[in-house]
Amino acid sequence: MRHRIVLQNITHSFEDGGMRRVVLDNLNVSVAEGELVAVMGPSGSGKSTFLSIAGALLEPTSGDVLVDGQSVIGKAHQELSDMRLHKLGFIFQSANLIPYLKVEEQLLFVAKQGGVDKKQATGRARELLQKLGLTHRRSSYPEKLSGGERQRVAIARALMNDPAVLLADEPTASLDASRGMDVVRMIAGEAKEQGKAAIMVTHDERVLPLCDRVLYLEEGRLVAH
Amino acid sequence: MYLAIREMRFSKVRYTLIATIMLLVSFLVLFVTGLARGLAYDNAASIENMEATHFLMEKDSNHRFTRSQVGAEALEQAKSIAGENNAQPLGVRMTTVTLEEYKLDVTLLAVEPEGWLTPPAAQGSSLEEAGVGSVLVDSKLKDSGVRIGSTLVDQASGMKWTVAGFVDRESFSHSPAVFLSEHDWRQLQQVAAARSGMPTDTTYSAIAVKAGKQQAERLAAALPDNEIVTKSEAVSAIPGYKEEQGSLMMMIVFLFVISAFVLAVFFYVITIQKSSQFGILKAIGTRASYLAGSVALQVLLLCLGSLTISVLLVQALESVLPSGMPFQLPASTLALTSGAFLAMSLAGSLLSVWKVSRINALDAIGRTAA
Ligand SMILES: Nc1ncnc2c1ncn2[C@@H]1O[C@H](COP(=O)(O)OP(=O)(O)OP(=O)(O)O)[C@@H](O)[C@H]1O
Ligand SMILES: [Mg+2]
């Protein structure tokens, strides 16, 4: 079993008005291909911080992050951008689509940034939209979509460049129960089928049965109950 | 490119508004520039039209034709240094002439009729053909009732001249030019001298020369009592020229600054408004340089669009302006002004570009609502 993302001895502290606050304390976690891991924990426990570090958006105070065996620590801005573009797929809680791009363009844009040729990109976008049941909304702007549709577009966009790792920060927060289940099912399915590693921060207990593992962020570490 | 264009397509109203402001400002810039050029030309046309490179003037005359007096011996010396054909005497006097009972403010320009300072007649006969006692006048004087054959009487000296022909676009300090022969100029001086009871030798206001840099230096060395002044120095010393151009220039500079500022503020505000969007774009792997380029491209497109329209508008306007209106916008000035406008706009976008590069991808996660 291949570990697509590994976080080793991650410690992170914020400087807060002269006080050092340790949010993550020697945290270790590995996620294998095909695995969906749920991360839970009280507000302010550091879940978003953890996800930002896993997604190469934030450099930890110490520790290492390996994506497909490649370390993200100490890389230049541009290299990190490229890494996020090719290796990491983000799904945020809300407001994560670009308002002036039509659904299909949202996907084509990331492909274009990733240097994928246009024809291939169009094919892949069609395929993904089809899979997520969005074909009929292909040329709508995000403002015309329902919350669930938007979240599905975000998933499609995250998958567009075939990343190694999917990272989702409360992807179901703005959705009703059944829509939420659908979205998580899709993320789990993608992980299984494509052999990706997926980490999802969630407050929603109902989606836990769909996850392979549930970890709790307590005192700066991830523990299973 | 991809983002910039799609965003403008999506937010048409927003971008149309800013394009309209830019259009108005750039139109104003071009119009005032044309006016400034036109006024400058109208002011100094006769001097600008002269083929001279330098003017030899009296020392301490502050480069002013009307204050300078240069003797005949200086003319001889200039001719010997610059070449017989490269030095010409020039007399300049601002005066009032009467046409029947009308008074007209004009500038007398005394030239050798067969020399290269004499403009070709657009109508009537040339100064050379017309002979002594005849003058060529600027065609603007037609509006005041001057015709070929009219008699102009100099108020100061009482001398009378007959209008032999008209010349186009000849003026000095905004007053229409009256070209007379050097012979008549000498007579004019004698009359004036007789009145004041102090007979003097003939003097000119300046000597127009065609000379290279080295010749000009030799002239300056050979004639210590005189000063060698370049054409552009002489033009800006014409009464009123500097003041007029100065205030117009100030307007133009302010317009440039305003346009850069309006753009800067507008783009800064929308950039701040969109910072979470930029955060998301960065989080999904878009490079900061791409986003900065996107903002700069939008500014460039808006600017080019508005400039194109305003150039067309200004040219349309130019064709319907009355001919008496001093307005000139030659292609070179147009290109220069447009270039400067473009540069100022891009300078205005720098603030936003900087802001975009500072936006943190982290803003996309967890704190999107803020
Ligand atoms: N940039 C920062 N500077 C200082 N403190 C920060 C910063 N970002 C986060 N924190 C602090 O770190 C802690 C963890 O924040 P984080 O956003 O990771 O929490 P979370 O578990 O995602 O909470 P929630 O469930 O409410 O989203 C919080 O106490 C927060 O105040
Ligand atoms: Mg959070």
# chains A, B, ... in the order shown; residues from 1 in each chain; ligands from 1
>>> residues_near_ligand(ligand="ligand 1", cutoff="8 Å", atoms="only C-alpha atoms and all ligand atoms", output="JSON, numbers by chain")
{"A": [13, 14, 15, 16, 21, 23, 41, 42, 43, 44, 45, 46, 47, 48, 49, 50, 51, 203], "B": [366, 367]}
>>> write_last_selection(atoms="all heavy atoms", output="CSV table (one decimal), in the first residue's frame")
chain,number,residue,atom,x,y,z
A,13,SER,N,3.2,26.6,15.6
A,13,SER,CA,2.8,27.5,16.6
A,13,SER,C,2.6,28.9,16.0
A,13,SER,O,3.3,29.3,15.0
A,13,SER,CB,3.8,27.6,17.7
A,13,SER,OG,5.1,27.8,17.2
A,14,PHE,N,1.6,29.6,16.5
A,14,PHE,CA,1.4,31.0,16.1
A,14,PHE,C,1.9,31.9,17.1
A,14,PHE,O,1.8,31.7,18.3
A,14,PHE,CB,-0.2,31.2,15.9
A,14,PHE,CG,-0.7,30.6,14.7
A,14,PHE,CD1,-1.6,29.5,14.8
A,14,PHE,CD2,-0.4,31.0,13.4
A,14,PHE,CE1,-2.1,28.9,13.7
A,14,PHE,CE2,-0.9,30.4,12.3
A,14,PHE,CZ,-1.8,29.3,12.4
A,15,GLU,N,2.5,33.0,16.6
A,15,GLU,CA,2.9,34.1,17.5
A,15,GLU,C,1.7,35.0,17.7
A,15,GLU,O,1.1,35.5,16.7
A,15,GLU,CB,4.0,34.9,16.7
A,15,GLU,CG,5.0,35.6,17.7
A,15,GLU,CD,5.9,34.7,18.4
A,15,GLU,OE1,6.6,33.9,17.7
A,15,GLU,OE2,6.0,34.8,19.6
A,16,ASP,N,1.2,35.1,18.9
A,16,ASP,CA,0.0,35.8,19.1
A,16,ASP,C,0.2,36.8,20.2
A,16,ASP,O,0.1,36.5,21.4
A,16,ASP,CB,-1.1,34.8,19.5
A,16,ASP,CG,-2.5,35.3,19.0
A,16,ASP,OD1,-2.6,36.4,18.5
A,16,ASP,OD2,-3.5,34.6,19.3
A,21,ARG,N,1.6,30.2,20.7
A,21,ARG,CA,0.5,29.2,20.9
A,21,ARG,C,0.8,28.1,20.0
A,21,ARG,O,0.8,28.2,18.8
A,21,ARG,CB,-0.8,29.8,20.6
A,21,ARG,CG,-1.5,30.6,21.8
A,21,ARG,CD,-3.0,30.7,21.5
A,21,ARG,NE,-3.5,29.4,21.2
A,21,ARG,CZ,-4.5,29.3,20.3
A,21,ARG,NH1,-5.0,30.4,19.6
A,21,ARG,NH2,-5.0,28.1,20.0
A,23,VAL,N,-0.3,25.1,18.1
A,23,VAL,CA,-1.6,24.6,17.6
A,23,VAL,C,-1.5,23.1,17.2
A,23,VAL,O,-2.3,22.3,17.6
A,23,VAL,CB,-2.1,25.4,16.4
A,23,VAL,CG1,-3.4,24.9,15.9
A,23,VAL,CG2,-2.3,26.9,16.8
A,41,GLY,N,-12.8,17.6,15.3
A,41,GLY,CA,-12.2,18.2,16.4
A,41,GLY,C,-13.0,19.5,16.7
A,41,GLY,O,-13.7,20.1,15.8
A,42,PRO,N,-12.9,20.0,17.9
A,42,PRO,CA,-13.6,21.3,18.2
A,42,PRO,C,-13.1,22.5,17.5
A,42,PRO,O,-12.0,22.4,16.9
A,42,PRO,CB,-13.4,21.4,19.7
A,42,PRO,CG,-12.2,20.6,20.0
A,42,PRO,CD,-12.2,19.5,19.0
A,43,SER,N,-13.9,23.5,17.4
A,43,SER,CA,-13.5,24.7,16.7
A,43,SER,C,-12.3,25.3,17.4
A,43,SER,O,-12.1,25.3,18.6
A,43,SER,CB,-14.7,25.7,16.8
A,43,SER,OG,-14.3,26.9,16.1
A,44,GLY,N,-11.3,25.7,16.5
A,44,GLY,CA,-10.1,26.3,17.1
A,44,GLY,C,-9.1,25.2,17.4
A,44,GLY,O,-8.0,25.6,17.9
A,45,SER,N,-9.3,24.0,17.2
A,45,SER,CA,-8.4,23.0,17.5
A,45,SER,C,-7.2,22.9,16.5
A,45,SER,O,-6.2,22.2,16.8
A,45,SER,CB,-9.0,21.6,17.6
A,45,SER,OG,-9.7,21.3,16.4
A,46,GLY,N,-7.4,23.5,15.4
A,46,GLY,CA,-6.3,23.5,14.4
A,46,GLY,C,-6.5,22.7,13.2
A,46,GLY,O,-5.5,22.4,12.4
A,47,LYS,N,-7.7,22.4,12.9
A,47,LYS,CA,-8.0,21.6,11.7
A,47,LYS,C,-7.7,22.3,10.4
A,47,LYS,O,-7.0,21.7,9.5
A,47,LYS,CB,-9.5,21.2,11.7
A,47,LYS,CG,-10.0,20.4,12.9
A,47,LYS,CD,-11.4,20.0,12.8
A,47,LYS,CE,-12.4,21.2,12.7
A,47,LYS,NZ,-12.4,22.1,13.9
A,48,SER,N,-8.1,23.5,10.3
A,48,SER,CA,-7.7,24.2,9.1
A,48,SER,C,-6.2,24.5,8.9
A,48,SER,O,-5.7,24.4,7.8
A,48,SER,CB,-8.5,25.6,9.0
A,48,SER,OG,-9.9,25.4,9.0
A,49,THR,N,-5.6,24.7,10.1
A,49,THR,CA,-4.2,24.8,10.1
A,49,THR,C,-3.5,23.6,9.6
A,49,THR,O,-2.6,23.6,8.7
A,49,THR,CB,-3.7,25.2,11.5
A,49,THR,OG1,-4.4,26.3,12.0
A,49,THR,CG2,-2.2,25.5,11.5
A,50,PHE,N,-4.0,22.5,10.1
A,50,PHE,CA,-3.5,21.2,9.6
A,50,PHE,C,-3.6,21.0,8.1
A,50,PHE,O,-2.7,20.6,7.4
A,50,PHE,CB,-4.2,20.1,10.4
A,50,PHE,CG,-4.2,18.7,9.7
A,50,PHE,CD1,-3.0,18.0,9.7
A,50,PHE,CD2,-5.4,18.2,9.2
A,50,PHE,CE1,-3.0,16.7,9.0
A,50,PHE,CE2,-5.4,17.0,8.5
A,50,PHE,CZ,-4.2,16.2,8.5
A,51,LEU,N,-4.8,21.3,7.6
A,51,LEU,CA,-5.1,21.1,6.2
A,51,LEU,C,-4.2,22.1,5.4
A,51,LEU,O,-3.8,21.7,4.3
A,51,LEU,CB,-6.6,21.4,6.0
A,51,LEU,CG,-7.2,20.6,4.9
A,51,LEU,CD1,-7.1,19.1,5.2
A,51,LEU,CD2,-8.7,21.0,4.7
A,203,HIS,N,-17.5,18.4,10.4
A,203,HIS,CA,-18.2,18.4,11.7
A,203,HIS,C,-19.4,17.5,11.7
A,203,HIS,O,-20.2,17.3,12.7
A,203,HIS,CB,-18.8,19.8,12.0
A,203,HIS,CG,-17.7,20.8,12.5
A,203,HIS,ND1,-17.0,20.6,13.6
A,203,HIS,CD2,-17.2,21.9,11.9
A,203,HIS,CE1,-16.2,21.6,13.8
A,203,HIS,NE2,-16.3,22.4,12.8
B,366,GLY,N,-10.8,28.2,5.4
B,366,GLY,CA,-11.2,28.4,6.8
B,366,GLY,C,-11.7,29.8,7.1
B,366,GLY,O,-12.6,29.9,7.9
B,367,ARG,N,-11.2,30.8,6.4
B,367,ARG,CA,-11.6,32.2,6.8
B,367,ARG,C,-12.3,32.8,5.6
B,367,ARG,O,-12.3,34.0,5.5
B,367,ARG,CB,-10.4,33.0,7.2
B,367,ARG,CG,-9.9,32.7,8.6
B,367,ARG,CD,-8.6,33.4,8.9
B,367,ARG,NE,-7.5,32.8,8.2
B,367,ARG,CZ,-6.8,31.8,8.7
B,367,ARG,NH1,-7.2,31.3,9.9
B,367,ARG,NH2,-5.8,31.3,8.1
>>> closest_atom_pairs(of="chain A", to="chain B", cutoff="7 Å", atoms="only C-alpha atoms", output="tab-separated table")
residue	atom	partner	partner_atom	distance
A:Ser48	CA	B:Gly366	CA	5.9
A:Ser52	CA	B:Leu362	CA	7.0
A:Leu57	CA	B:Leu362	CA	5.9
A:Gln78	CA	B:Arg287	CA	6.4
A:Ser81	CA	B:Gly285	CA	4.4
A:Asp82	CA	B:Gly285	CA	5.8
A:Arg84	CA	B:Gly285	CA	4.8
A:Leu85	CA	B:Gly285	CA	4.2
A:Phe90	CA	B:Ile284	CA	6.6
A:Phe92	CA	B:Ile365	CA	6.5
A:Asn96	CA	B:Ile280	CA	6.3
A:Ile98	CA	B:Gln277	CA	6.5
A:Tyr100	CA	B:Glu7	CA	5.3
A:Leu101	CA	B:Arg6	CA	6.7
A:Gln113	CA	B:Thr286	CA	6.8
>>> residues_around(residues="Leu152 (chain B)", least_positions_apart="3", cutoff="8 Å", atoms="only C-alpha atoms", output="ChimeraX atom specification")
/B:97-100,160-163
>>> write_last_selection(atoms="N, CA, C and O atoms", output="tab-separated table (two decimals), in the first residue's frame")
chain	number	residue	atom	x	y	z
B	97	VAL	N	-1.19	99.30	-36.91
B	97	VAL	CA	-1.40	99.97	-38.19
B	97	VAL	C	-2.87	100.30	-38.33
B	97	VAL	O	-3.72	99.69	-37.68
B	98	THR	N	-3.16	101.29	-39.16
B	98	THR	CA	-4.57	101.60	-39.39
B	98	THR	C	-4.92	101.29	-40.83
B	98	THR	O	-4.13	101.51	-41.75
B	99	LEU	N	-6.11	100.73	-40.99
B	99	LEU	CA	-6.66	100.45	-42.31
B	99	LEU	C	-7.91	101.32	-42.35
B	99	LEU	O	-8.87	101.04	-41.64
B	100	GLU	N	-7.86	102.38	-43.17
B	100	GLU	CA	-8.88	103.42	-43.07
B	100	GLU	C	-9.00	103.82	-41.60
B	100	GLU	O	-8.00	104.19	-41.00
B	160	LYS	N	3.37	104.45	-45.07
B	160	LYS	CA	2.26	103.78	-45.74
B	160	LYS	C	2.78	102.62	-46.57
B	160	LYS	O	3.80	102.77	-47.24
B	161	TRP	N	2.08	101.50	-46.49
B	161	TRP	CA	2.46	100.34	-47.30
B	161	TRP	C	1.26	99.80	-48.03
B	161	TRP	O	0.14	99.87	-47.52
B	162	THR	N	1.49	99.22	-49.15
B	162	THR	CA	0.40	98.63	-49.93
B	162	THR	C	0.48	97.11	-49.79
B	162	THR	O	1.56	96.53	-49.87
B	163	VAL	N	-0.68	96.51	-49.57
B	163	VAL	CA	-0.72	95.06	-49.44
B	163	VAL	C	-0.60	94.43	-50.82
B	163	VAL	O	-1.45	94.65	-51.68
>>> select_by_dssp(residues="region 13-198 of chain A", states="strand (DSSP E)", output="number ranges by chain")
A: 13-16, 19-32, 36-40, 62-67, 70-71, 88-91, 165-169, 197-198
>>> atom_distance(atom1="CA of Gln70 (chain A)", atom2="CA of Lys112 (chain A)")
23.6 Å
>>> residues_around(residues="Asp169 (chain A)", least_positions_apart="3", cutoff="7 Å", atoms="only C-alpha atoms", output="ChimeraX atom specification")
/A:48,91-93,200-202
>>> closest_residue(among="A:Leu222, A:Leu145, A:Val39, A:Val6", to="ligand 2", atoms="only C-alpha atoms and all ligand atoms")
A:Val39
>>> residues_around(residues="region 206-223 of chain B", least_positions_apart="5", cutoff="8 Å", atoms="only C-alpha atoms", output="list in words")
Glu51, Ala52, Thr53, His54, Phe55, Leu56, Met57, Glu58, Phe65, Ser68, Gln69, Val70, Ala74, Leu75, Ala78, Ile81, Ala82, Asn86, Ala87, Gln88, Pro89, Leu90, Gly91 and Ile228 of chain B
>>> closest_residue(among="A:Ile10, A:Leu108, A:Leu217, A:Val223", to="ligand 2", atoms="only C-alpha atoms and all ligand atoms")
A:Leu217
>>> select_by_dssp(residues="chain A", states="alpha helix (DSSP H)", output="JSON, numbers by chain")
{"A": [47, 48, 49, 50, 51, 52, 53, 54, 77, 78, 79, 80, 81, 82, 83, 84, 85, 86, 87, 103, 104, 105, 106, 107, 108, 109, 110, 111, 112, 113, 118, 119, 120, 121, 122, 123, 124, 125, 126, 127, 128, 129, 130, 131, 147, 148, 149, 150, 151, 152, 153, 154, 155, 156, 157, 158, 159, 160, 177, 178, 179, 180, 181, 182, 183, 184, 185, 186, 187, 188, 189, 190, 191, 192, 193, 194]}
>>> residues_around(residues="region 119-134 of chain B", least_positions_apart="6", cutoff="10 Å", atoms="only C-alpha atoms", output="list in words")
Ser46, Asn49, Met50, Val111, Glu112, Pro113, Arg147, Ile148, Gly149, Thr151, Leu152, Met159, Lys160, Trp161, Thr162, Val163, Ala164, Gly165, Phe166, Val167, Asp168, Glu170, Phe179, Leu180, Ser181, Glu182, His183, Asp184 and Trp185 of chain B
>>> residues_around(residues="Gly220 (chain A)", least_positions_apart="2", cutoff="6 Å", atoms="only C-alpha atoms", output="ChimeraX atom specification")
/A:23-25,218
>>> closest_residue(among="A:Gly115, A:Gly133, A:Pro171, A:Gly74", to="ligand 2", atoms="only C-alpha atoms and all ligand atoms")
A:Pro171
>>> atom_distance(atom1="CA of Ser30 (chain A)", atom2="CA of His77 (chain A)")
24.5 Å
>>> atom_distance(atom1="CA of Met1 (chain B)", atom2="CA of Ser294 (chain B)")
6.2 Å
